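Engineer: So here's data_35.tsv (TSV, N, CA and C atoms).
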```
chain	number	residue	atom	x	y	z
F	1	MET	N	-22.53	49.47	-46.98
F	1	MET	CA	-22.43	50.86	-47.40
F	1	MET	C	-21.89	51.70	-46.25
F	2	SER	N	-21.10	52.70	-46.60
F	2	SER	CA	-20.52	53.59	-45.61
F	2	SER	C	-21.46	54.75	-45.30
F	3	PRO	N	-21.47	55.23	-44.06
F	3	PRO	CA	-22.27	56.41	-43.74
F	3	PRO	C	-21.62	57.65	-44.34
F	4	PRO	N	-22.39	58.73	-44.52
F	4	PRO	CA	-21.80	59.96	-45.06
F	4	PRO	C	-20.71	60.49	-44.14
F	5	LEU	N	-19.73	61.14	-44.74
F	5	LEU	CA	-18.67	61.81	-43.99
F	5	LEU	C	-19.11	63.25	-43.77
F	6	ARG	N	-18.99	63.76	-42.54
F	6	ARG	CA	-19.45	65.12	-42.24
F	6	ARG	C	-18.37	65.86	-41.47
F	7	ARG	N	-18.11	67.10	-41.89
F	7	ARG	CA	-17.16	67.97	-41.21
F	7	ARG	C	-17.78	69.36	-41.09
F	8	GLU	N	-17.61	69.98	-39.92
F	8	GLU	CA	-18.02	71.36	-39.71
F	8	GLU	C	-16.77	72.14	-39.34
F	9	ILE	N	-16.54	73.23	-40.05
F	9	ILE	CA	-15.35	74.04	-39.85
F	9	ILE	C	-15.79	75.48	-39.63
F	10	ASP	N	-15.39	76.05	-38.50
F	10	ASP	CA	-15.68	77.45	-38.24
F	10	ASP	C	-14.49	78.29	-38.66
F	11	VAL	N	-14.75	79.22	-39.56
F	11	VAL	CA	-13.75	80.18	-40.03
F	11	VAL	C	-14.42	81.55	-39.89
F	12	PRO	N	-14.37	82.11	-38.68
F	12	PRO	CA	-15.13	83.34	-38.43
F	12	PRO	C	-14.94	84.38	-39.54
F	13	PRO	N	-16.03	84.94	-40.01
F	13	PRO	CA	-17.40	84.87	-39.49
F	13	PRO	C	-18.25	83.78	-40.12
F	14	TYR	N	-17.63	82.77	-40.75
F	14	TYR	CA	-18.39	81.75	-41.48
F	14	TYR	C	-18.30	80.37	-40.83
F	15	ARG	N	-19.26	79.52	-41.17
F	15	ARG	CA	-19.21	78.09	-40.84
F	15	ARG	C	-19.35	77.34	-42.16
F	16	VAL	N	-18.45	76.41	-42.40
F	16	VAL	CA	-18.49	75.58	-43.60
F	16	VAL	C	-18.82	74.15	-43.17
F	17	ILE	N	-19.85	73.58	-43.76
F	17	ILE	CA	-20.26	72.21	-43.47
F	17	ILE	C	-20.08	71.41	-44.76
F	18	VAL	N	-19.33	70.32	-44.67
F	18	VAL	CA	-19.07	69.48	-45.83
F	18	VAL	C	-19.61	68.08	-45.52
F	19	ILE	N	-20.47	67.58	-46.39
F	19	ILE	CA	-21.00	66.22	-46.27
F	19	ILE	C	-20.67	65.50	-47.57
F	20	ALA	N	-19.98	64.38	-47.45
F	20	ALA	CA	-19.61	63.59	-48.63
F	20	ALA	C	-20.11	62.16	-48.45
F	21	ARG	N	-20.57	61.58	-49.53
F	21	ARG	CA	-20.99	60.18	-49.48
F	21	ARG	C	-20.37	59.45	-50.65
F	22	PRO	N	-19.99	58.21	-50.44
F	22	PRO	CA	-19.37	57.45	-51.53
F	22	PRO	C	-20.40	57.04	-52.57
F	23	GLU	N	-19.94	56.95	-53.80
F	23	GLU	CA	-20.74	56.37	-54.89
F	23	GLU	C	-20.07	55.07	-55.28
F	24	TYR	N	-20.85	54.01	-55.34
F	24	TYR	CA	-20.31	52.69	-55.61
F	24	TYR	C	-20.46	52.33	-57.09
F	25	ARG	N	-19.58	51.50	-57.57
F	25	ARG	CA	-19.68	51.01	-58.96
F	25	ARG	C	-21.01	50.27	-59.13
F	26	THR	N	-21.53	50.30	-60.31
F	26	THR	CA	-22.83	49.69	-60.60
F	26	THR	C	-22.85	48.21	-60.26
F	27	ALA	N	-21.79	47.50	-60.55
F	27	ALA	CA	-21.77	46.05	-60.37
F	27	ALA	C	-21.28	45.62	-58.99
F	28	SER	N	-20.96	46.57	-58.12
F	28	SER	CA	-20.38	46.21	-56.83
F	28	SER	C	-20.89	47.13	-55.73
F	29	ILE	N	-21.29	46.54	-54.60
F	29	ILE	CA	-21.74	47.37	-53.49
F	29	ILE	C	-20.60	47.70	-52.53
F	30	SER	N	-19.39	47.20	-52.83
F	30	SER	CA	-18.26	47.47	-51.94
F	30	SER	C	-17.14	48.26	-52.60
F	31	GLU	N	-17.17	48.40	-53.92
F	31	GLU	CA	-16.10	49.10	-54.63
F	31	GLU	C	-16.52	50.55	-54.90
F	32	ILE	N	-15.82	51.48	-54.26
F	32	ILE	CA	-16.16	52.90	-54.39
F	32	ILE	C	-15.59	53.45	-55.69
F	33	GLU	N	-16.46	54.11	-56.46
F	33	GLU	CA	-16.05	54.72	-57.72
F	33	GLU	C	-15.66	56.19	-57.53
F	34	GLY	N	-16.29	56.86	-56.57
F	34	GLY	CA	-16.02	58.27	-56.33
F	34	GLY	C	-16.89	58.75	-55.17
F	35	TYR	N	-17.01	60.05	-55.04
F	35	TYR	CA	-17.79	60.64	-53.95
F	35	TYR	C	-18.67	61.76	-54.49
F	36	VAL	N	-19.76	62.01	-53.78
F	36	VAL	CA	-20.60	63.17	-54.03
F	36	VAL	C	-20.50	64.01	-52.77
F	37	ALA	N	-20.13	65.28	-52.92
F	37	ALA	CA	-19.95	66.14	-51.76
F	37	ALA	C	-20.83	67.37	-51.88
F	38	ARG	N	-21.35	67.80	-50.73
F	38	ARG	CA	-22.14	69.03	-50.67
F	38	ARG	C	-21.53	69.89	-49.58
F	39	SER	N	-21.26	71.14	-49.93
F	39	SER	CA	-20.73	72.09	-48.96
F	39	SER	C	-21.78	73.17	-48.75
F	40	THR	N	-21.96	73.56	-47.51
F	40	THR	CA	-22.87	74.64	-47.16
F	40	THR	C	-22.09	75.68	-46.37
F	41	ILE	N	-22.21	76.93	-46.79
F	41	ILE	CA	-21.55	78.03	-46.09
F	41	ILE	C	-22.61	78.91	-45.47
F	42	THR	N	-22.50	79.14	-44.17
F	42	THR	CA	-23.40	80.04	-43.44
F	42	THR	C	-22.55	81.01	-42.62
F	43	ARG	N	-23.19	81.99	-42.04
F	43	ARG	CA	-22.49	82.92	-41.14
F	43	ARG	C	-22.79	82.52	-39.71
F	44	LEU	N	-21.80	82.63	-38.84
F	44	LEU	CA	-21.96	82.25	-37.44
F	44	LEU	C	-23.00	83.11	-36.73
F	45	ASP	N	-23.14	84.37	-37.14
F	45	ASP	CA	-24.10	85.26	-36.48
F	45	ASP	C	-25.51	85.17	-37.06
F	46	GLY	N	-25.71	84.31	-38.07
F	46	GLY	CA	-27.04	84.11	-38.66
F	46	GLY	C	-27.42	85.12	-39.72
F	47	SER	N	-26.57	86.08	-40.01
F	47	SER	CA	-26.88	87.06	-41.05
F	47	SER	C	-26.64	86.45	-42.43
F	48	PRO	N	-27.16	87.09	-43.49
F	48	PRO	CA	-27.02	86.53	-44.84
F	48	PRO	C	-25.56	86.42	-45.28
F	49	VAL	N	-25.30	85.40	-46.06
F	49	VAL	CA	-23.97	85.20	-46.64
F	49	VAL	C	-23.79	86.13	-47.83
F	50	PHE	N	-24.82	86.24	-48.65
F	50	PHE	CA	-24.79	87.08	-49.85
F	50	PHE	C	-26.18	87.62	-50.09
F	51	GLU	N	-26.30	88.91	-50.25
F	51	GLU	CA	-27.58	89.59	-50.42
F	51	GLU	C	-28.56	89.09	-49.36
F	52	SER	N	-29.64	88.42	-49.77
F	52	SER	CA	-30.62	87.94	-48.78
F	52	SER	C	-30.51	86.44	-48.53
F	53	TYR	N	-29.46	85.78	-49.04
F	53	TYR	CA	-29.30	84.34	-48.90
F	53	TYR	C	-28.62	83.99	-47.58
F	54	LEU	N	-29.28	83.16	-46.77
F	54	LEU	CA	-28.72	82.77	-45.48
F	54	LEU	C	-27.67	81.68	-45.60
F	55	GLN	N	-27.63	81.00	-46.75
F	55	GLN	CA	-26.61	79.98	-46.96
F	55	GLN	C	-26.27	79.87	-48.43
F	56	TYR	N	-25.10	79.34	-48.68
F	56	TYR	CA	-24.61	79.11	-50.04
F	56	TYR	C	-24.24	77.65	-50.13
F	57	GLN	N	-24.75	76.94	-51.15
F	57	GLN	CA	-24.48	75.50	-51.26
F	57	GLN	C	-23.73	75.19	-52.55
F	58	ILE	N	-22.82	74.22	-52.44
F	58	ILE	CA	-22.05	73.75	-53.57
F	58	ILE	C	-22.19	72.24	-53.62
F	59	LEU	N	-22.59	71.69	-54.76
F	59	LEU	CA	-22.71	70.24	-54.94
F	59	LEU	C	-21.65	69.83	-55.95
F	60	ARG	N	-20.90	68.78	-55.63
F	60	ARG	CA	-19.80	68.37	-56.50
F	60	ARG	C	-19.70	66.86	-56.55
F	61	ASN	N	-19.57	66.30	-57.76
F	61	ASN	CA	-19.24	64.88	-57.94
F	61	ASN	C	-17.74	64.78	-58.11
F	62	VAL	N	-17.11	63.95	-57.32
F	62	VAL	CA	-15.67	63.79	-57.38
F	62	VAL	C	-15.37	62.33	-57.74
F	63	HIS	N	-14.71	62.11	-58.87
F	63	HIS	CA	-14.36	60.75	-59.29
F	63	HIS	C	-12.87	60.64	-59.45
```
The structure in this file should be written as structure tokens.

Structural biologist:
Amino acid sequence: MSPPLRREIDVPPYRVIVIARPEYRTASISEIEGYVARSTITRLDGSPVFESYLQYQILRNVH
């Protein structure tokens, strides 16, 4: 199995963190069917991204 892929990107005033992990076919532990990715958006200064939320998360299945 592959470790998760992680990227941190600073786009002032925000930081975007993307973590993706492969999803394998049911019958195979080596054949990748797609990926599941989670993105988190925060502000570099620690203030809320939206209203009182300190982070915004997006979960996506990519096949």

Engineer: Might you pull out every residue within 10 Å of Ala37 (chain F), with only C-alpha atoms counted and same-chain residues fewer than 6 positions away left off, and present them as a tab-separated table (two decimals) with N, CA and C atoms, keeping the file's coordinate frame?

Structural biologist:
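Once written, around-v1.tsv looks like this:
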```tsv
chain	number	residue	atom	x	y	z
F	4	PRO	N	-22.39	58.73	-44.52
F	4	PRO	CA	-21.80	59.96	-45.06
F	4	PRO	C	-20.71	60.49	-44.14
F	5	LEU	N	-19.73	61.14	-44.74
F	5	LEU	CA	-18.67	61.81	-43.99
F	5	LEU	C	-19.11	63.25	-43.77
F	6	ARG	N	-18.99	63.76	-42.54
F	6	ARG	CA	-19.45	65.12	-42.24
F	6	ARG	C	-18.37	65.86	-41.47
F	18	VAL	N	-19.33	70.32	-44.67
F	18	VAL	CA	-19.07	69.48	-45.83
F	18	VAL	C	-19.61	68.08	-45.52
F	19	ILE	N	-20.47	67.58	-46.39
F	19	ILE	CA	-21.00	66.22	-46.27
F	19	ILE	C	-20.67	65.50	-47.57
F	20	ALA	N	-19.98	64.38	-47.45
F	20	ALA	CA	-19.61	63.59	-48.63
F	20	ALA	C	-20.11	62.16	-48.45
F	21	ARG	N	-20.57	61.58	-49.53
F	21	ARG	CA	-20.99	60.18	-49.48
F	21	ARG	C	-20.37	59.45	-50.65
F	22	PRO	N	-19.99	58.21	-50.44
F	22	PRO	CA	-19.37	57.45	-51.53
F	22	PRO	C	-20.40	57.04	-52.57
F	58	ILE	N	-22.82	74.22	-52.44
F	58	ILE	CA	-22.05	73.75	-53.57
F	58	ILE	C	-22.19	72.24	-53.62
F	59	LEU	N	-22.59	71.69	-54.76
F	59	LEU	CA	-22.71	70.24	-54.94
F	59	LEU	C	-21.65	69.83	-55.95
F	60	ARG	N	-20.90	68.78	-55.63
F	60	ARG	CA	-19.80	68.37	-56.50
F	60	ARG	C	-19.70	66.86	-56.55
F	61	ASN	N	-19.57	66.30	-57.76
F	61	ASN	CA	-19.24	64.88	-57.94
F	61	ASN	C	-17.74	64.78	-58.11
F	62	VAL	N	-17.11	63.95	-57.32
F	62	VAL	CA	-15.67	63.79	-57.38
F	62	VAL	C	-15.37	62.33	-57.74
```

Engineer: Counting all atoms listed in the file, find residues at most 6.5 Å from (-18.8, 72.6, -43.5) (file frame) and give them as a count of residues only.

Structural biologist: 11

Engineer: When DSSP is applied to the backbone of this structure, which of chain F are assigned strand (DSSP E or B)? Write them out as a ChimeraX atom specification.

Structural biologist: /F:5-11,14-24,32-43,50,53,55-62

Engineer: Which distance in Å separates CA of Glu51 (chain F) and CA of Asp10 (chain F), to one decimal?

Structural biologist: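 Computing it gives 20.9 Å between the two atoms.
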
Engineer: What does the structure give for the distance between CA of Tyr14 (chain F) and CA of Gly34 (chain F), in Å to one decimal?

Structural biologist: 27.9 Å

Engineer: Would you compute the distance between CA of Glu31 (chain F) and CA of Gln57 (chain F)? Give it in Å to one decimal.

Structural biologist: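 CA of Glu31 (chain F) sits 27.9 Å away from CA of Gln57 (chain F).
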
Engineer: Excluding Pro13 (chain F) and any residue of its chain fewer than 2 positions from it, enumerate the residues within 5 Å of it, using all atoms listed in the file, and give them as a count of residues only.

Structural biologist: 4

Engineer: Neighbours of Glu23 (chain F) within 8 Å (all atoms listed in the file; same-chain residues fewer than 6 positions away dropped), as a list in words?

Structural biologist: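 Within the cut-off, the hits are Ile29, Ser30, Glu31, Ile32, Glu33, Gly34, Tyr35 and Val36 of chain F.
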